[in-house]
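Undergrad: Have a look at this one.
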Amino acid sequence: MEQIISIKNGKKQTAIFSVTEMESRLTKLRSSMEKENVDAVFFTSIHNINYYNHFVYCSFGRPYGLVVTQDKIKSITANIDGGQPWRRGFGENIIFTDWERDNYFRAAKNEMNGSARIGVEYDQINLENLNKLQSVLPDAQFIDISKMTMRQRMIKSSEEIELIRNGAQVGDIGGAACVEAIAEGVPEHEIALHSTQTMVREIAERYPESDIMDTWTWFQSGINTDGAHNPVSTRKIQKGDILSLNCFPMIGGYYTALERTLFFDYASERHLEIWEINIEVHRRGLEIVKPGVRCCDIAAELNEIFRKHDLLKYRTFGYGHSFGTLSHYYGREAGLELREDIETVLEPNMVISIEPMVMLPESLPGAGGYREHDILVVTEGGSENITKFPFGPEHNIIS
C-alpha cells in the first residue's frame with residue numbers, strides 16, 4: 001500500500017476569504033521568514049493551519065501539518081478526510097496513509113528536505129513528534145515561530161473584521177433565542193439547543209458555501225454560573241435564578257461570543273448590587289479601549305473599581321482577549337489579553353473583548369457568577385462595539 005497519496009476529489013470550494021486575503025497573509029509570513037532566515041515553516045496547530053490554509057482539521061489522534069516555503073504552501077492531512085482538505089484548503093495538499101507507522105513524517109520530510117532552518121510551533125508540537133521530525137530531518141535547525149505568527153494574527157484584516165462583525169450579529173440572534181426559550185422548569189440544555197440551532201441556521205444563510213461546524217451555547221443557571229466554561233446541564237430553571245447566557249457562533253474557524261448575566265423573574269437586592277458593580281466595570285472597560293493603551297493598564301484600572309467595592313478577590317479571570325481563528329479547543333492569541341502581565345499596546349484593527357466576571361460562592365448573599373461580554377474593534381480614534389445585545393437589570397430580568 002502507498003505511504004503518501006493525493007486525492008483531488010471534486011473541485012475547490014468557494015472560500016470565505018478571498019484569494020487576495022490569503023495571499024496577503026502568506027506574503028507577510030514569508031517576509032517574516034526572510035527576516036528570520038527561515039527556509040520552511042511547519043505548522044501543526046489548528047489555528048495556524050486554518051489561518052494560512054483555510055482548513056479546520058479534526059485530529060482524532062492523527063497529526064496534521066502545513067508546509068510553507070517562499071514558493072510553496074502544502075497541507076499534510078490524513079487519508080480519513082478524503083478530498084476535503086484539498087477542496088477547502090488554500091494551496092496544495094498531500095495525504096499520508098495509515099498503512100505504515102509515521103507516514104506523516106515521511107510526507108513532512110519529502111516537503112522540507114534540504115531546508116536548513118525550519119520554523120515550528122513550540123507551544124503546539126509535542127516532544128515525541130518534534131523528536132520524530134528531527135530524526136527525519138537531522139541536518140535541519142528547528143526554531144520557534146509561534147510568537148511571530150501570533151503577532152501577525154493579532155492585527156485583523158478588513159475581511160476578518162467583516163466576518164467577526166457577522167459573527168457578533170449571529171451571537172446577538174442566539175441571545176434572543178435563549179431569552180425566548182427561558183421559562184420556569186425548562187432545563188438548561190433545552191435553552192442551549194434552541195439557541196444553537198437558531199445560530200447555525202443563521203450562519204448557513206449568511207455563508208451558504210461554508211462548513212457548518214462547532215457553533216455552541218453554554219446556558220448556565222444557579223450554582224452552575226460559578227464557572228465561565230461550565231457545561232450545559234439538565235438543571236431546570238427556577239424563579240429567582242441567576243442565569244448566564246453564552247452564545248458562540250463559529251464561522252470558518254472564527255469564534256465570536258455573546259455573554260450576559262440574566263435573572264429569571266426577580267433578583268434579590270444583593271444580587272442587583274453585585275450585578276450593577278460588574279456592569280460599572282464593564283462600562284468603564286468599554287470606554288478605555290483605544291489605540292496606545294497597554295493591556296496591563298486596562299486591567300489595573302478595572303481592578304481598582306472592584307477593589308473599591310471589596311470584590312476584587314472574587315474576580316475569576318482577565319478582562320478580555322483577542323478574537324480571530326480560535327475556539328474552545330484551539331487557538332489563543334495570548335499576547336493580546338487584558339491581564340496584569342500583558343504589556344501589549346493596543347493598535348487599530350485589533351479585536352478584543354471586554355468581559356469582567358466576579359463569582360460569589362453559594363455561602364454568600366448574592367451568590368453566583370456575573371459576566372458581561374462585548375466585542376470591540378480598535379479603530380484609529382478609539383473603538384467600535386459590534387455587540388448590540390443589551391445588558392443590565394432593565395433588560396435582562398426575564399419574566
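Here's how to read the names in the C-alpha cells: chain A, B, ... by the order shown, residue numbers from 1 in each chain, ligand numbers from 1 in the order shown.
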Could you pull out all residues of stretch 56-283 of chain A with a DSSP call of alpha helix (DSSP H) and give them as a short mmCIF file (atom, residue, chain, number, x, y, z; two decimals) with N, CA, C and O atoms, in the first residue's frame?
TA:
data_model
loop_
_atom_site.label_atom_id
_atom_site.label_comp_id
_atom_site.auth_asym_id
_atom_site.auth_seq_id
_atom_site.Cartn_x
_atom_site.Cartn_y
_atom_site.Cartn_z
N GLN A 84 -11.54 16.41 1.16
CA GLN A 84 -11.99 17.65 1.79
C GLN A 84 -10.86 18.64 2.08
O GLN A 84 -11.01 19.84 1.80
N PRO A 85 -9.71 18.22 2.61
CA PRO A 85 -8.65 19.20 2.85
C PRO A 85 -8.17 19.91 1.58
O PRO A 85 -7.82 21.09 1.62
N TRP A 86 -8.17 19.20 0.46
CA TRP A 86 -7.79 19.84 -0.80
C TRP A 86 -8.89 20.79 -1.28
O TRP A 86 -8.63 21.90 -1.70
N ARG A 87 -10.16 20.33 -1.20
CA ARG A 87 -11.27 21.17 -1.67
C ARG A 87 -11.36 22.46 -0.86
O ARG A 87 -11.58 23.53 -1.40
N ARG A 88 -11.23 22.36 0.46
CA ARG A 88 -11.41 23.52 1.32
C ARG A 88 -10.13 24.33 1.46
O ARG A 88 -10.17 25.54 1.67
N ASN A 103 4.01 7.59 8.50
CA ASN A 103 3.96 8.12 7.13
C ASN A 103 3.83 9.64 7.12
O ASN A 103 4.27 10.31 6.18
N TYR A 104 3.23 10.18 8.16
CA TYR A 104 3.12 11.64 8.31
C TYR A 104 4.50 12.30 8.26
O TYR A 104 4.69 13.32 7.57
N PHE A 105 5.46 11.71 8.95
CA PHE A 105 6.80 12.29 9.00
C PHE A 105 7.55 12.07 7.69
O PHE A 105 8.41 12.89 7.31
N ARG A 106 7.23 10.99 6.99
CA ARG A 106 7.81 10.79 5.66
C ARG A 106 7.32 11.89 4.70
O ARG A 106 8.09 12.40 3.89
N ALA A 107 6.04 12.22 4.83
CA ALA A 107 5.49 13.29 3.99
C ALA A 107 6.16 14.63 4.32
O ALA A 107 6.52 15.41 3.43
N ALA A 108 6.33 14.89 5.62
CA ALA A 108 6.98 16.14 6.03
C ALA A 108 8.41 16.21 5.50
O ALA A 108 8.87 17.27 5.03
N LYS A 109 9.11 15.09 5.57
CA LYS A 109 10.49 15.06 5.06
C LYS A 109 10.52 15.37 3.57
O LYS A 109 11.36 16.16 3.10
N ASN A 110 9.62 14.77 2.82
CA ASN A 110 9.59 15.00 1.37
C ASN A 110 9.40 16.48 1.04
O ASN A 110 9.97 16.99 0.07
N GLU A 111 8.59 17.17 1.84
CA GLU A 111 8.25 18.56 1.54
C GLU A 111 9.30 19.55 2.03
O GLU A 111 9.34 20.68 1.56
N MET A 112 10.14 19.13 3.00
CA MET A 112 11.09 20.09 3.60
C MET A 112 12.54 19.64 3.49
O MET A 112 13.42 20.27 4.08
N LEU A 127 6.63 16.77 22.32
CA LEU A 127 8.05 16.38 22.30
C LEU A 127 8.28 15.16 21.42
O LEU A 127 9.27 15.09 20.68
N GLU A 128 7.38 14.18 21.47
CA GLU A 128 7.55 12.97 20.67
C GLU A 128 7.57 13.31 19.19
O GLU A 128 8.44 12.82 18.43
N ASN A 129 6.63 14.15 18.75
CA ASN A 129 6.57 14.49 17.33
C ASN A 129 7.74 15.38 16.91
O ASN A 129 8.23 15.27 15.78
N LEU A 130 8.19 16.25 17.80
CA LEU A 130 9.37 17.06 17.48
C LEU A 130 10.60 16.18 17.31
O LEU A 130 11.39 16.36 16.38
N ASN A 131 10.76 15.19 18.19
CA ASN A 131 11.88 14.27 18.06
C ASN A 131 11.83 13.48 16.75
O ASN A 131 12.86 13.26 16.09
N LYS A 132 10.64 13.04 16.37
CA LYS A 132 10.49 12.31 15.11
C LYS A 132 10.80 13.20 13.91
O LYS A 132 11.41 12.75 12.93
N LEU A 133 10.37 14.45 13.99
CA LEU A 133 10.65 15.39 12.91
C LEU A 133 12.15 15.62 12.78
O LEU A 133 12.70 15.64 11.67
N GLN A 134 12.81 15.76 13.92
CA GLN A 134 14.26 15.95 13.90
C GLN A 134 14.99 14.71 13.36
O GLN A 134 16.02 14.84 12.70
N SER A 135 14.42 13.54 13.62
CA SER A 135 15.08 12.31 13.16
C SER A 135 15.01 12.14 11.65
O SER A 135 15.92 11.57 11.04
N VAL A 136 13.93 12.64 11.02
CA VAL A 136 13.82 12.51 9.55
C VAL A 136 14.48 13.68 8.84
O VAL A 136 14.74 13.61 7.63
N SER A 146 6.04 30.42 16.84
CA SER A 146 4.66 30.58 17.34
C SER A 146 4.35 32.03 17.71
O SER A 146 3.26 32.53 17.42
N LYS A 147 5.29 32.71 18.34
CA LYS A 147 5.03 34.10 18.75
C LYS A 147 5.03 35.03 17.55
O LYS A 147 4.26 35.99 17.49
N MET A 148 5.88 34.75 16.58
CA MET A 148 5.93 35.55 15.36
C MET A 148 4.60 35.50 14.62
O MET A 148 4.06 36.54 14.19
N THR A 149 4.05 34.31 14.47
CA THR A 149 2.77 34.18 13.76
C THR A 149 1.62 34.71 14.60
O THR A 149 0.66 35.26 14.06
N MET A 150 1.70 34.57 15.93
CA MET A 150 0.65 35.13 16.79
C MET A 150 0.57 36.65 16.61
O MET A 150 -0.53 37.22 16.52
N ARG A 151 1.73 37.30 16.53
CA ARG A 151 1.71 38.76 16.36
C ARG A 151 1.06 39.15 15.05
O ARG A 151 0.34 40.16 14.98
N GLN A 152 1.27 38.36 14.00
CA GLN A 152 0.61 38.66 12.73
C GLN A 152 -0.90 38.51 12.86
O GLN A 152 -1.66 39.35 12.38
N ARG A 153 -1.34 37.45 13.54
CA ARG A 153 -2.78 37.20 13.65
C ARG A 153 -3.49 38.23 14.52
O ARG A 153 -4.69 38.41 14.40
N MET A 154 -2.76 38.92 15.39
CA MET A 154 -3.38 39.88 16.29
C MET A 154 -3.94 41.09 15.56
O MET A 154 -4.87 41.73 16.04
N SER A 158 -9.45 43.67 6.92
CA SER A 158 -10.83 44.12 6.77
C SER A 158 -11.78 42.94 6.55
O SER A 158 -12.91 42.96 7.03
N GLU A 159 -11.31 41.90 5.84
CA GLU A 159 -12.16 40.73 5.63
C GLU A 159 -12.39 39.98 6.94
O GLU A 159 -13.48 39.48 7.20
N GLU A 160 -11.36 39.90 7.78
CA GLU A 160 -11.53 39.25 9.07
C GLU A 160 -12.50 40.02 9.95
O GLU A 160 -13.37 39.44 10.61
N ILE A 161 -12.36 41.33 9.96
CA ILE A 161 -13.25 42.15 10.79
C ILE A 161 -14.69 42.01 10.32
O ILE A 161 -15.62 41.95 11.13
N GLU A 162 -14.90 41.93 9.02
CA GLU A 162 -16.25 41.76 8.50
C GLU A 162 -16.84 40.42 8.94
O GLU A 162 -18.01 40.33 9.33
N LEU A 163 -16.03 39.37 8.92
CA LEU A 163 -16.50 38.07 9.39
C LEU A 163 -16.83 38.11 10.89
O LEU A 163 -17.86 37.60 11.33
N ILE A 164 -15.94 38.73 11.67
CA ILE A 164 -16.18 38.83 13.11
C ILE A 164 -17.43 39.66 13.39
O ILE A 164 -18.21 39.35 14.30
N ARG A 165 -17.63 40.70 12.62
CA ARG A 165 -18.84 41.52 12.77
C ARG A 165 -20.10 40.68 12.52
O ARG A 165 -21.09 40.76 13.26
N ASN A 166 -20.06 39.85 11.48
CA ASN A 166 -21.19 38.96 11.21
C ASN A 166 -21.38 37.96 12.34
O ASN A 166 -22.51 37.67 12.74
N GLY A 167 -20.27 37.45 12.87
CA GLY A 167 -20.36 36.52 13.98
C GLY A 167 -21.01 37.16 15.20
O GLY A 167 -21.81 36.53 15.90
N ALA A 168 -20.66 38.41 15.48
CA ALA A 168 -21.27 39.12 16.62
C ALA A 168 -22.77 39.27 16.42
O ALA A 168 -23.56 39.14 17.37
N GLN A 169 -23.18 39.55 15.20
CA GLN A 169 -24.61 39.68 14.91
C GLN A 169 -25.32 38.34 15.11
O GLN A 169 -26.43 38.29 15.65
N VAL A 170 -24.68 37.26 14.69
CA VAL A 170 -25.27 35.93 14.90
C VAL A 170 -25.36 35.63 16.39
O VAL A 170 -26.35 35.05 16.86
N GLY A 171 -24.36 36.04 17.16
CA GLY A 171 -24.41 35.86 18.60
C GLY A 171 -25.58 36.59 19.23
O GLY A 171 -26.26 36.06 20.13
N ASP A 172 -25.83 37.81 18.77
CA ASP A 172 -26.99 38.56 19.26
C ASP A 172 -28.29 37.82 18.97
O ASP A 172 -29.21 37.79 19.81
N ILE A 173 -28.37 37.22 17.80
CA ILE A 173 -29.55 36.44 17.43
C ILE A 173 -29.69 35.21 18.32
O ILE A 173 -30.78 34.86 18.77
N GLY A 174 -28.57 34.56 18.62
CA GLY A 174 -28.59 33.42 19.54
C GLY A 174 -29.03 33.83 20.93
O GLY A 174 -29.74 33.09 21.62
N GLY A 175 -28.59 35.01 21.38
CA GLY A 175 -29.01 35.50 22.68
C GLY A 175 -30.50 35.72 22.76
O GLY A 175 -31.15 35.37 23.76
N ALA A 176 -31.08 36.28 21.70
CA ALA A 176 -32.53 36.48 21.66
C ALA A 176 -33.25 35.13 21.70
O ALA A 176 -34.31 35.00 22.35
N ALA A 177 -32.69 34.12 21.05
CA ALA A 177 -33.30 32.79 21.08
C ALA A 177 -33.24 32.19 22.49
O ALA A 177 -34.18 31.52 22.92
N CYS A 178 -32.14 32.43 23.21
CA CYS A 178 -32.05 31.98 24.61
C CYS A 178 -33.18 32.58 25.44
O CYS A 178 -33.89 31.87 26.17
N VAL A 179 -33.32 33.89 25.34
CA VAL A 179 -34.35 34.58 26.12
C VAL A 179 -35.74 34.05 25.77
O VAL A 179 -36.59 33.85 26.64
N GLU A 180 -35.95 33.80 24.50
CA GLU A 180 -37.23 33.27 24.02
C GLU A 180 -37.58 31.94 24.66
O GLU A 180 -38.75 31.62 24.90
N ALA A 181 -36.55 31.13 24.96
CA ALA A 181 -36.78 29.77 25.46
C ALA A 181 -36.83 29.69 26.99
O ALA A 181 -37.20 28.64 27.53
N GLU A 188 -31.60 23.63 31.29
CA GLU A 188 -30.56 24.40 30.60
C GLU A 188 -30.31 23.89 29.19
O GLU A 188 -30.17 24.68 28.24
N HIS A 189 -30.25 22.58 29.03
CA HIS A 189 -29.87 22.04 27.72
C HIS A 189 -30.91 22.36 26.64
O HIS A 189 -30.55 22.52 25.47
N GLU A 190 -32.16 22.47 27.01
CA GLU A 190 -33.18 22.80 26.01
C GLU A 190 -33.04 24.24 25.54
O GLU A 190 -33.21 24.54 24.35
N ILE A 191 -32.72 25.13 26.46
CA ILE A 191 -32.49 26.53 26.09
C ILE A 191 -31.27 26.63 25.18
O ILE A 191 -31.29 27.32 24.15
N ALA A 192 -30.20 25.92 25.54
CA ALA A 192 -28.98 25.94 24.73
C ALA A 192 -29.23 25.37 23.33
O ALA A 192 -28.72 25.90 22.33
N LEU A 193 -29.97 24.30 23.24
CA LEU A 193 -30.27 23.69 21.94
C LEU A 193 -31.01 24.67 21.02
O LEU A 193 -30.70 24.79 19.83
N HIS A 194 -31.99 25.37 21.59
CA HIS A 194 -32.76 26.31 20.78
C HIS A 194 -31.86 27.43 20.26
O HIS A 194 -31.96 27.82 19.08
N SER A 195 -30.99 27.93 21.11
CA SER A 195 -30.08 28.99 20.70
C SER A 195 -29.11 28.50 19.62
O SER A 195 -28.92 29.17 18.60
N THR A 196 -28.51 27.34 19.84
CA THR A 196 -27.52 26.82 18.88
C THR A 196 -28.15 26.57 17.52
O THR A 196 -27.58 26.94 16.47
N GLN A 197 -29.32 25.96 17.50
CA GLN A 197 -29.99 25.70 16.22
C GLN A 197 -30.30 27.00 15.48
O GLN A 197 -30.13 27.09 14.26
N THR A 198 -30.71 28.02 16.22
CA THR A 198 -31.02 29.31 15.61
C THR A 198 -29.76 29.92 14.99
O THR A 198 -29.80 30.44 13.86
N MET A 199 -28.64 29.85 15.71
CA MET A 199 -27.40 30.42 15.19
C MET A 199 -26.89 29.64 13.98
O MET A 199 -26.42 30.24 13.00
N VAL A 200 -26.95 28.32 14.03
CA VAL A 200 -26.49 27.51 12.91
C VAL A 200 -27.26 27.85 11.63
O VAL A 200 -26.68 28.00 10.55
N ARG A 201 -28.56 27.97 11.76
CA ARG A 201 -29.37 28.31 10.58
C ARG A 201 -29.04 29.70 10.04
O ARG A 201 -29.03 29.92 8.82
N GLU A 202 -28.74 30.63 10.94
CA GLU A 202 -28.37 31.98 10.51
C GLU A 202 -27.02 31.97 9.79
O GLU A 202 -26.85 32.64 8.76
N ILE A 203 -26.07 31.22 10.31
CA ILE A 203 -24.76 31.11 9.65
C ILE A 203 -24.91 30.49 8.27
O ILE A 203 -24.30 30.94 7.29
N ALA A 204 -25.72 29.44 8.17
CA ALA A 204 -25.93 28.77 6.87
C ALA A 204 -26.53 29.73 5.85
O ALA A 204 -26.20 29.65 4.65
N GLU A 205 -27.37 30.64 6.31
CA GLU A 205 -27.99 31.61 5.40
C GLU A 205 -26.98 32.67 4.97
O GLU A 205 -26.95 33.07 3.80
N ARG A 206 -26.14 33.10 5.90
CA ARG A 206 -25.17 34.15 5.58
C ARG A 206 -23.98 33.62 4.80
O ARG A 206 -23.39 34.34 3.99
N GLU A 269 -31.97 42.05 46.33
CA GLU A 269 -31.30 43.34 46.44
C GLU A 269 -29.78 43.18 46.34
O GLU A 269 -29.09 43.96 45.67
N ARG A 270 -29.23 42.16 46.99
CA ARG A 270 -27.79 41.94 46.94
C ARG A 270 -27.34 41.49 45.56
O ARG A 270 -26.28 41.92 45.06
N HIS A 271 -28.12 40.64 44.92
CA HIS A 271 -27.79 40.26 43.55
C HIS A 271 -27.74 41.48 42.64
O HIS A 271 -26.82 41.63 41.81
N LEU A 272 -28.72 42.36 42.78
CA LEU A 272 -28.74 43.57 41.95
C LEU A 272 -27.52 44.44 42.23
O LEU A 272 -26.95 45.03 41.30
N GLU A 273 -27.13 44.51 43.48
CA GLU A 273 -25.97 45.33 43.85
C GLU A 273 -24.69 44.80 43.19
O GLU A 273 -23.92 45.57 42.59
N ILE A 274 -24.46 43.49 43.27
CA ILE A 274 -23.27 42.90 42.65
C ILE A 274 -23.32 43.06 41.14
O ILE A 274 -22.32 43.39 40.49
N TRP A 275 -24.48 42.82 40.59
CA TRP A 275 -24.67 42.94 39.13
C TRP A 275 -24.30 44.35 38.65
O TRP A 275 -23.58 44.52 37.67
N GLU A 276 -24.78 45.36 39.35
CA GLU A 276 -24.52 46.75 38.95
C GLU A 276 -23.04 47.09 39.07
O GLU A 276 -22.51 47.85 38.25
N ILE A 277 -22.35 46.53 40.06
CA ILE A 277 -20.91 46.78 40.18
C ILE A 277 -20.17 46.17 39.00
O ILE A 277 -19.28 46.80 38.41
N ASN A 278 -20.53 44.94 38.63
CA ASN A 278 -19.87 44.32 37.47
C ASN A 278 -20.15 45.12 36.20
O ASN A 278 -19.28 45.25 35.34
N ILE A 279 -21.35 45.67 36.10
CA ILE A 279 -21.69 46.49 34.94
C ILE A 279 -20.89 47.79 34.94
O ILE A 279 -20.46 48.28 33.89
N GLU A 280 -20.64 48.35 36.13
CA GLU A 280 -19.80 49.55 36.23
C GLU A 280 -18.41 49.27 35.66
O GLU A 280 -17.85 50.08 34.90
N VAL A 281 -17.86 48.13 36.02
CA VAL A 281 -16.55 47.74 35.48
C VAL A 281 -16.63 47.54 33.97
O VAL A 281 -15.76 47.98 33.21
N HIS A 282 -17.69 46.89 33.53
CA HIS A 282 -17.87 46.63 32.09
C HIS A 282 -17.95 47.94 31.30
O HIS A 282 -17.27 48.10 30.28
N ARG A 283 -18.76 48.87 31.78
CA ARG A 283 -18.90 50.15 31.07
C ARG A 283 -17.56 50.90 31.00
O ARG A 283 -17.22 51.46 29.96
#
Undergrad: Could you pull out the strand (DSSP E) residues of stretch 227-399 of chain A, going by DSSP on the backbone, and write them as an MDAnalysis selection string?
TA: chainID A and resid 242:248 250:251 254:255 258:264 351:354 357:360 368:371 374:378 383:385 397:398
Undergrad: Contacts of stretch 367-384 of chain A at 8 Å or less, counting only C-alpha atoms, minus same-chain residues fewer than 4 places along, as a PyMOL selection string?
TA: chain A and resi 161+168+222-228+242+244+257-261+271+274-275+278-279+282+286+289-291+346-363+391
Undergrad: As a PyMOL selection string, please: the residues near A:Ile251 (cut-off 9 Å, only C-alpha atoms, same-chain neighbours under 2 positions excluded).
TA: chain A and resi 16+163-164+166-167+203+207+210-215+249+253-256
Undergrad: Distance atom CA of A:Gly114-atom CA of A:Ala140, one decimal place?
TA: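 Taking atom CA of A:Gly114 and atom CA of A:Ala140, their separation equals 7.8 Å.
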Undergrad: List as a list in words the protein and nucleic acid residues near A:Ile80, meaning an atom at most 12 Å away when only C-alpha atoms are counted, but skip any in the same chain fewer than 4 places from it.
TA: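 Contacts, in chain order: Ile5, Ile7, Tyr57, Cys58, Ser59, Phe60, Gly61, Arg62, Pro63, Tyr64, Gln84, Pro85, Ile95, Phe96, Thr97, Asp98 and Trp99 of chain A.
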Undergrad: Please produce a file of the residues just selected, as a compact mmCIF listing (two decimals), in the first residue's frame, where the atoms kept are C-alpha atoms.
TA:
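Okay, part_28.txt is ready:
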# COMPACT_ATOMS: atom_id res chain seq x y z
CA ILE A 5 -1.15 9.79 -1.89
CA ILE A 7 -6.91 12.94 -3.59
CA TYR A 57 -8.81 19.81 10.83
CA CYS A 58 -10.29 17.24 13.21
CA SER A 59 -7.35 15.36 14.70
CA PHE A 60 -8.96 12.29 16.30
CA GLY A 61 -5.45 11.17 17.32
CA ARG A 62 -3.78 11.87 13.97
CA PRO A 63 -1.25 14.67 13.35
CA TYR A 64 -1.77 17.33 10.68
CA GLN A 84 -11.99 17.65 1.79
CA PRO A 85 -8.65 19.20 2.85
CA ILE A 95 -2.19 12.75 2.20
CA PHE A 96 -0.45 10.23 4.44
CA THR A 97 -1.99 6.79 4.83
CA ASP A 98 -2.38 4.63 7.94
CA TRP A 99 -0.85 1.50 6.37
Undergrad: Have a look at A:Gly335, A:Thr14, A:Lys28, A:Cys247 and name the one nearest to A:Thr387; count only C-alpha atoms.
TA: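 Distance minimum relative to A:Thr387 lands on A:Cys247.
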Undergrad: At a cut-off of 8 Å, using only C-alpha atoms, what residues contact stretch 32-43 of chain A? Leave out same-chain residues fewer than 4 positions from it and give the result as a list of chain:residue names.
TA: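 My reading of the contact set: A:Lys28, A:Asn48, A:Ile49, A:Gly65, A:Leu66, A:Val67, A:Val68, A:Thr69, A:Gln70, A:Met112, A:Ser115, A:Ala116, A:Arg117, A:Ile118, A:Gly119, A:Val120, A:Glu121, A:Ile145, A:Met148.
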Undergrad: Any idea what the distance is between atom CA of A:Phe90 and atom CA of A:Glu209?
TA: 15.2 Å
Undergrad: Atom CA of A:Ile182 to atom CA of A:Gly366: how many Å, to one decimal?
TA: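 Atom CA of A:Gly366 lies 21.1 Å from atom CA of A:Ile182.
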